[in-house]
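Step one of this worksheet: look at the structure below.
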Amino acid sequence: MQQGRRARSDVPCQWTKCHDELLYFSPMPILLSENTAFPDPNLAGPDGLVAIGGDLGTERLLAAYRTGIFPWTIDPITWWSPDPRAIFELNGFHVSKSLARVIRQHRFEVTMDQSFRAVMEGCAEPAPGRDGAWITAEFIEAYTRLHRQGYTHSVECRLQGELVGGIYGVSVGGLFAGESMFHRVNDASKVALFHLVEHLRRRGFALFDIQMVTPATKPLGAVAIPRREYLRRLSAAVKMDCSF
């Protein structure tokens, strides 16, 4: 989406997670077992650590997103719901003059769900100034399984047939939870993001979660809202009948 889902616009992946300064500040997170449900995320501290343990199985992941929680690390698995929470208002996405010009030029071929795993792998690539190591092989396998079941999606940007940028995230009802984006060519991820926002608007989605405002997403209109407000909006969004 430190990078604790904050990132710079001059590096290939704009939504990343860096848990080093966050992991140890929540009071007594719940330890999940095979049958343990997620606790109320409102009970987490401002950093948002909700629980530790469990697995990255399909049912667990979907339950997390429906509850306003997302996984961050693999060893151990940690589950988060930060306060405040960042979103894109679908009618508030800001297109600068320079980005509008790039979009009009149709420089990139934009597709959806054509190269999901490759987009995840792009987001996991090392890059100067950030730690993308949270997107481990375990995350790639887990979210690829979700993709095969229709719950995760990608937007790809290609230049002369080569994948040069993209975004992926999780879709549940009227929620789209953006996980990460990357670019290998300037503006590729921004163009992918623009097309994703337009797609979500056409499909009637209500909530575009990006978890944390970053230097890359703030100029595009990202805003932070209180966790309680996010959870209220999430509760309505996940009940909607929306199809990506």
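Scheme for the structure tokens: letters A, B, ... for chains in order shown; per-chain residue numbers from 1; ligand numbers from 1 in order shown.
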
> Any idea what's packed within 9 Å of region 82-90 of chain A, counting only C-alpha atoms, ignoring anything in its chain fewer than 5 positions away? Could you give it as a PyMOL selection string?
Replying inline: chain A and resi 41-42+44-50+69+177+197-198+200-201+205-213+217+220-230

> Please, which residues of region 34-152 of chain A, numbered as in this document, come out alpha helix (DSSP H) from DSSP, as an NGL selection string?
Replying inline: :A and (58-67 or 97-105 or 116-124 or 137-148)

Need to verify the contact set: Asp55 (chain A), 9 Å, only C-alpha atoms, exclusion of same-chain residues closer than 4 positions in sequence. Can you return it as a compact mmCIF listing (two decimals) with C-alpha atoms, in the first residue's frame?
# COMPACT_ATOMS: atom_id res chain seq x y z
CA LEU A 32 -4.32 -17.23 17.40
CA SER A 33 -4.77 -20.98 17.27
CA GLU A 34 -6.43 -23.03 14.53
CA ARG A 60 -8.45 -16.91 7.74
CA LEU A 61 -7.43 -14.24 5.23
CA ILE A 74 5.34 -14.37 8.22
CA ILE A 77 2.44 -14.11 11.29

>> I need the residue nearest Val155 (chain A) from this list: A:Phe244, A:Tyr143, A:Phe93, A:Trp79. Use only C-alpha atoms for the distance.
In response: A:Phe244

> CA of Leu159 (chain A) to CA of Ala118 (chain A): how many Å, to one decimal?
Replying inline: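 Interatomic distance, CA of Leu159 (chain A) to CA of Ala118 (chain A): 14.9 Å.
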
>> So that I can check the surroundings of His195 (chain A), please list as number ranges by chain every protein, DNA and RNA residue that reaches within 10 Å of it, counting only C-alpha atoms and ignoring chain neighbours fewer than 5 positions away.
In response: A: 103, 110-112, 155-157, 189-190, 200-201

>> Among region 8-194 of chain A, which residues does DSSP mark as strand (DSSP E or B) when it is run on the backbone? Keep the chain and numbering as in the structure and answer as a ChimeraX atom specification.
In response: /A:13,16,30-32,49-53,70-74,77-80,85-88,109-112,127,130,152-159,162-172,175-183

Mind dumping the selected residues with C-alpha atoms as a short mmCIF file (atom, residue, chain, number, x, y, z; two decimals), in the first residue's frame?
data_model
loop_
_atom_site.label_atom_id
_atom_site.label_comp_id
_atom_site.auth_asym_id
_atom_site.auth_seq_id
_atom_site.Cartn_x
_atom_site.Cartn_y
_atom_site.Cartn_z
CA CYS A 13 7.07 -0.42 -5.01
CA THR A 16 5.32 -1.74 1.36
CA ILE A 30 -4.12 -12.26 20.97
CA LEU A 31 -2.32 -15.49 20.11
CA LEU A 32 -4.32 -17.23 17.40
CA LEU A 49 -1.17 -4.97 16.23
CA VAL A 50 -4.24 -7.17 16.79
CA ALA A 51 -3.00 -10.76 16.90
CA ILE A 52 -0.08 -13.11 16.32
CA GLY A 53 -0.10 -16.61 14.88
CA PHE A 70 -4.49 -7.58 7.38
CA PRO A 71 -1.35 -9.73 7.78
CA TRP A 72 2.08 -8.13 7.80
CA THR A 73 4.82 -10.64 8.57
CA ILE A 74 5.34 -14.37 8.22
CA ILE A 77 2.44 -14.11 11.29
CA THR A 78 1.19 -10.77 12.61
CA TRP A 79 -2.24 -9.21 12.07
CA TRP A 80 -2.85 -5.45 12.01
CA ARG A 85 -6.57 3.98 8.43
CA ALA A 86 -5.82 5.26 4.92
CA ILE A 87 -8.21 5.07 2.00
CA PHE A 88 -8.79 6.53 -1.42
CA GLU A 109 -1.16 -1.24 -22.30
CA VAL A 110 -3.35 -1.74 -19.23
CA THR A 111 -4.84 -5.15 -18.41
CA MET A 112 -6.50 -6.79 -15.40
CA ALA A 127 14.67 -1.71 -4.47
CA ARG A 130 12.73 0.19 0.96
CA THR A 152 -7.52 -11.13 -5.31
CA HIS A 153 -6.95 -9.10 -8.45
CA SER A 154 -4.25 -7.25 -10.29
CA VAL A 155 -3.94 -4.39 -12.72
CA GLU A 156 -0.95 -4.57 -15.04
CA CYS A 157 0.87 -1.95 -17.12
CA ARG A 158 2.95 -3.10 -20.04
CA LEU A 159 5.28 -1.23 -22.34
CA GLU A 162 6.91 -6.04 -21.04
CA LEU A 163 5.37 -5.81 -17.56
CA VAL A 164 6.59 -2.51 -16.13
CA GLY A 165 4.15 -1.80 -13.32
CA GLY A 166 1.08 -2.99 -11.51
CA ILE A 167 -1.09 -3.20 -8.41
CA TYR A 168 -2.72 -6.07 -6.57
CA GLY A 169 -5.24 -6.32 -3.78
CA VAL A 170 -8.13 -8.16 -2.17
CA SER A 171 -11.79 -7.82 -3.18
CA VAL A 172 -14.58 -8.69 -0.72
CA LEU A 175 -14.27 -3.48 -0.44
CA PHE A 176 -11.04 -3.40 -2.39
CA ALA A 177 -7.98 -3.61 -0.14
CA GLY A 178 -4.90 -2.43 -2.00
CA GLU A 179 -1.85 -4.44 -0.95
CA SER A 180 1.09 -3.22 -2.99
CA MET A 181 2.10 -1.62 -6.27
CA PHE A 182 5.35 -1.34 -8.19
CA HIS A 183 6.87 0.31 -11.22
#

>> With distances taken over only C-alpha atoms, which residue among A:Val185, A:Ala100, A:Met240, A:Leu234 lies nearest Arg66 (chain A)?
In response: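 Distance minimum relative to Arg66 (chain A) lands on A:Leu234.
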
> CA of Val238 (chain A) and CA of Tyr151 (chain A) are how many Å apart?
Replying inline: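 Between these atoms lies a distance of 12.3 Å.
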
>> Measuring between only C-alpha atoms, which one of A:Gly161, A:Gly173, A:Pro29, A:Pro215 shows the shortest distance to Arg107 (chain A)?
In response: A:Gly161

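Put simply, CA of Phe116 (chain A) is 20.3 Å away from CA of Gly174 (chain A).
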
>> Considering only C-alpha atoms, can you say which of A:Leu99, A:Cys242, A:Leu196, A:Leu56 comes closest to Pro219 (chain A)?
In response: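 Among the listed residues, A:Leu99 lies closest to Pro219 (chain A).
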